[in-house]
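**Q** One structure follows; several queries about it will come next.
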Amino acid sequence: MHDDRTLVEARLRRVLDERIRPAVYPESVPLRVAVWHAPGEPVPVEEGLAAEPEPIEVGTRWGAPWGTSWFRVTGTVPEAWAGRSVEALLDLGFDENMPGFQCEGLVYRPDGTPVKGLNPRNQWVRVGAPVAGGEEVVLHIEAASNPVILDYHPFLPTRLGDKDTAGHEPQYTLTRMDLAVFDETVWQLVMDLEVLGELMAELPVDAARRYDVLRAVERALDAVDLQDVNGTADRARAELTGVLSAPAVPSAHRISAVGHAHIDSAWLWPLRETVRKVARTTSNMTALIEDEPEFVFAMSQAQQWAWVKEHRPEVWARVKKAVAEGRFVPAGGMWVESDTNMPGSEAMARQFVHGKRFFLDEFGIENEEAWLPDTFGFAAGLPQIIRAAGSKWLLTQKISWSQTNRFPHHTFQWEGIDGTRIFTHFPPVDTYNCSMKGSELAHAARNFKDKGRARHSLAPTGWGDGGGGTTREMVAKAARLRDLEGSATVVWETPRAFFEKAEAEYPEPPVWVGELYLELHRATLTSQAGTKQGNRRSEHLLREAELWAATAAVRTGLPYPYEELDRIWKTVLLHQFHDILPGSSIAWVHREARATYERIAAELNDIIGAAQRALAGDGERDLVFNSAPHTRAAVAAGAAAVPAVTGHTRLAPRGNGGFVLDNGLLRIGIDPRGLVVSAYDITADRETIAPGRAANLLQLHPDFPNMWDAWDVDAFYRNTVTDLTGADEVSAAEDGMSVRIVRSFGASRVTQVLTLPPGERRLVIDTEADWHETEKFLKLAFPLDLHAERYASETQFGHVFRPTHANTSWEAAKFEACNHRFVHLEEPGWGVAVVNDSTYGHDVTRTVRTDGDRGTTTTVRVSLLRAPRFPDPETDQGIHRFRHALVPGASIADAVREGWRINLPERHLTGAHEVAPLVSVDNDSVVITAVKLADDGSGDVVVRFHEAHGGRARATLTAGFEVADITVTDLLERPGGDIEPPVRDGERMTVRLRPFELVTLRLRRA
């Protein structure tokens, strides 16, 4: 029987490929084709339609990289085809790669009405079913000649990733432009045979059902006359009726299919191309909804919906109609499917604020699920953000890519740092591009780890990454799999319907506590330093802009820049997309991102400057404005006269060469190599640097991962390291409290300035790297004389603890991790923090010294720069500036404070008036992350804060204005939240917070 099965499967493949599939289109005639090549960037639709094209023949090369060509195809339906179904077959030169990674097109009627998108798996356009014969056909195709970046050798450096370096050589060959008869009976036979053939391959070898299917397929193939497929297709289908109508067993796994087209908002294409990808995909999906009454499609990323509304109003009208019918579903409630490791606290909150508000404003739809199938791991602060936004479910898929440990659940409760739990589903189909293959569904059923307790899973179905969406073939397969013996059952459902069923059947799922760490793509925490710095600085500039604009609006009546801040926030949120901020996009994307961040910085600095000038007034007093949430220079979130400097720093030669910096709190020893060999805490009588080791040590590793150059760093990179100890210069700076170090290596040069400010317990390290290495990884090391089994790493609205050891494979896999502004390590009573202004990746390791000292060295290494060559061959080349600080004797409170401080430097202004805080708090463990005016224009003041030290807190907030009413709200500034209500005494509000608890208050002004 095994031989029979093998023979039938081989026969089925050949007959399908060589006889039955070609018979789907038994007759065809060529269309006439003309083309107009847009001279630069894409043009408006009306301009493309009006352009005068020139004739072009099938077989002609076309399409410079990133170009746009407008094809006009015309023809006449033969009279002899009357009564038959006819389609236009439009092949722009597609190969067999997945849709979205090569040329694409959007078809229009002459009046500008969009018809559908074209891609390798969707090359047809319906002309009529049936036709009358003699119809004139005129179609326009807006064709994008996007180059193939991810090819069969995906990691070779390419200049195609930027229009400025891609050249002008045509990329594609026009392959087929025909009118053809569509034989639906033959097409249905193809679907029957594909479903049964795929089912047969997955059934157990000795299963009776497998034999039944095998014999039915064999009879169907016998019934096909290979010289008259079209005339015998009905007869063949009849042989399959029995096996296709056999119902699934009651215990079959149940799959909720949702139409899906994951569209990366930028990746191997620029943002402007994503606008068109979304238009093509949504055109396809609205057309499919009209043809298939059971089909449901879900699309996330409010930004992409907004693009359709702004750029393709004719497509938007169709989308709105489908949404009203409940068939085209807004999903996820975020502005984009962002990275969740690196966005700061407030930015992560605003992803939900702007995403959910868009869907509420446009459709009145409240999203209760977060939808992040492709994000590279999930920070432990995310659950309470999801809950604070009014949502309660999470879907992800990427955890299936982890290389070391298999995640133990598919449906579970995910618990974040504050104890909030979110019902989470991780589809066992292990793809967000399900195509309804039998192998995919069988894998989902076998793979589902919660069998016996639950039996529902979700399958996002449709071509994705570059868009495309669900095809009519997928819908046809799903119809056959609705209730089919031997298979999981399939039904089209919305994400909400799935989650409601899954939650109801699994009332007590297992709990996973802490971050959902992806054991892959760890280098995305470092790649494209310029993009990451732009994000960090934009987040903090936005904090300043909102704080000072709100203060000026309340105190001086200066108009609050609602529209400007809304637009800038959305731009920053867009660039947190999970291939932009992680640094895994083409050169074009990051070149534009850097320019965008520069423009944003200028706009925000203008807003900040205008507000501060209005507050300070005209005068000659030297004022310092403090935007940080902690008091600094005797100023708390306000402005005061510049205080006199207390204390001083002494710079002296060191006995064995080098220098000593001493400010009475810390004594820093810098050796002739420019390395920090001592950081002595005078107050605690404690050395920070491990004996015989040196900090501020730059280390260079080779960096050539097994795959995914910009994404990955593999553990073996540590096998080889070069300590960069040679110095071109180690000299005292003129300010008397700094040392300058210059190092050259390879083709690169690093200049550092080490500063010990008077009266402060921190060594500031300013690094300027002129980086020109290739496939190298640059780290900055701090070996500490500290024994700690775990360390704290800042994440959204708190911090997460990670081990410093590698006892288990789970711990060993976290050899590169994310932090925000600080990492902190401590022994009881004494700790050390390393804070930064713009880096995220780091590692922490612990070794036992073997030189006679029984102590432990715990080494913190900050990841500075990489140099992968794919997809951007010039990644990180050029000048970068970083600021870090080593803070000996730091508690977790010090780490939090210093982290904010290094990211929000003081601003100095000459004016007349000191500025009292608009809102202040009397407990440093309670950190205010946002002070702003309410988004609805009411003038209410919104304050968001959280407990930052990991313990219980009681704090009193004081408003610097008369308060008429206080409302606890969700992130969208709507009444809600389950905190203990504040106790009010005039403008003072006393709150009690649980560890890491997040609170938003809305203060109505009297």
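Ordering of the structure tokens sets the chain letters (A, B, ...), residue numbers begin anew at 1 in every chain, and ligands are numbered from 1 in the order given.
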Do a neighbour search on range 457-461 of chain A at 10 Å with only C-alpha atoms, toss out local chain neighbours closer than 5 positions, and write the hits as an NGL selection string.
**A** :A and (253-262 or 297-298 or 373 or 395 or 397 or 410-411 or 425-436 or 440-441 or 444-445 or 448 or 450 or 469-471 or 474-475 or 478 or 490-495 or 498-499 or 501-502)
**Q** If you count only C-alpha atoms, which residues fall within 12 Å of Arg613 in chain A, apart from same-chain ones fewer than 6 positions away, as a list in words?
**A**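 Neighbouring residues, sequence-local ones excluded: Trp548, Ala549, Thr551, Ala552, Thr556, Leu558, Asn605, Asp606, Ile607, Gly619, Leu623, Phe625, Ala639, Arg907, His908, Leu909, Thr910, Gly911, Ala912, His913, Glu914 and Val915 of chain A.
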**Q** Restricting it to C-alpha atoms, dump the selection as a PDB file, in the first residue's frame.
**A**
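Saved as part-v2.pdb:
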```pdb
ATOM      1  CA  TRP A 548       6.301  73.070  28.840  1.00  0.00           C
ATOM      2  CA  ALA A 549       3.493  73.653  26.336  1.00  0.00           C
ATOM      3  CA  THR A 551       2.577  74.697  31.633  1.00  0.00           C
ATOM      4  CA  ALA A 552       2.647  77.720  29.329  1.00  0.00           C
ATOM      5  CA  THR A 556       0.253  82.290  30.206  1.00  0.00           C
ATOM      6  CA  LEU A 558      -0.088  80.344  25.075  1.00  0.00           C
ATOM      7  CA  ASN A 605      12.824  72.370  20.101  1.00  0.00           C
ATOM      8  CA  ASP A 606      10.836  75.248  18.600  1.00  0.00           C
ATOM      9  CA  ILE A 607       7.766  74.241  20.653  1.00  0.00           C
ATOM     10  CA  GLY A 619      14.550  89.616  31.873  1.00  0.00           C
ATOM     11  CA  LEU A 623      17.292  80.351  34.634  1.00  0.00           C
ATOM     12  CA  PHE A 625      14.642  74.522  33.265  1.00  0.00           C
ATOM     13  CA  ALA A 639      12.575  76.615  36.304  1.00  0.00           C
ATOM     14  CA  ARG A 907      18.024  73.907  29.513  1.00  0.00           C
ATOM     15  CA  HIS A 908      19.304  77.391  30.292  1.00  0.00           C
ATOM     16  CA  LEU A 909      17.408  80.547  29.425  1.00  0.00           C
ATOM     17  CA  THR A 910      17.573  84.219  30.313  1.00  0.00           C
ATOM     18  CA  GLY A 911      14.296  85.584  31.640  1.00  0.00           C
ATOM     19  CA  ALA A 912      12.422  87.280  34.420  1.00  0.00           C
ATOM     20  CA  HIS A 913      10.407  84.593  36.188  1.00  0.00           C
ATOM     21  CA  GLU A 914      11.040  81.357  37.965  1.00  0.00           C
ATOM     22  CA  VAL A 915       8.496  78.678  37.006  1.00  0.00           C
TER      23      VAL A 915
END
```
**Q** Identify which of the residues A:Leu998, A:Ala792, A:Ala959, A:Ala895 lies closest to Arg984 in chain A, counting only C-alpha atoms when measuring atom-to-atom distances.
**A**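 Result for the nearest residue to Arg984 in chain A: A:Ala959.
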**Q** Between CA of Arg421 in chain A and CA of Pro981 in chain A, what is the distance in Å, rounded to a tenth?
**A**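 Interatomic distance here is 21.7 Å.
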**Q** For Thr241 in chain A, list every protein, DNA or RNA residue within 12 Å, evaluated using only C-alpha atoms, and leave out those in the same chain fewer than 3 positions away; present the list as a list of chain:residue names.
**A**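 Listed by chain and then number, they are A:Leu189, A:Asp192, A:Leu193, A:Leu196, A:Asp212, A:Val213, A:Ala216, A:Val217, A:Arg219, A:Ala220, A:Asp234, A:Arg235, A:Ala236, A:Arg237, A:Ala238, A:Leu244, A:Ser245, A:Ala246, A:Arg480, A:Leu484.
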**Q** Set the distance at 9 Å and use only C-alpha atoms: which residues neighbour Leu565 in chain A once local chain neighbours fewer than 6 positions away are removed? I'd like the list as a PDB file with C-alpha atoms, in the first residue's frame.
**A**
```pdb
ATOM      1  CA  LEU A 542       8.100  65.048  23.186  1.00  0.00           C
ATOM      2  CA  ALA A 545       7.331  69.744  24.562  1.00  0.00           C
ATOM      3  CA  GLU A 546       4.144  68.513  26.236  1.00  0.00           C
ATOM      4  CA  LEU A 604      10.015  70.072  19.062  1.00  0.00           C
TER       5      LEU A 604
END
```
**Q** Measure the distance from CA of Gly112 in chain A to CA of Arg72 in chain A in Å and round it to one decimal.
**A** 12.5 Å
**Q** Using only C-alpha atoms, which residues sit within 10 Å of Ala322 in chain A once same-chain residues fewer than 6 positions away are excluded, as a list in words?
**A** Met285, Thr286, Ala287, Ile289, Glu290, Val296, Phe297, Trp316, Phe328 and Val329 of chain A
**Q** Can you tell me, as a VMD selection string, what residues are no more than 7 Å from range 184-187 of chain A when counting only C-alpha atoms, ignoring any on the same chain fewer than 5 positions away?
**A** chain A and resid 20 23 to 24 230 233 to 234
**Q** Taking only C-alpha atoms into account, name the residue in A:Leu288, A:Ala710, A:Ala833, A:Ala955 that is nearest to Pro873 in chain A.
**A** A:Ala710
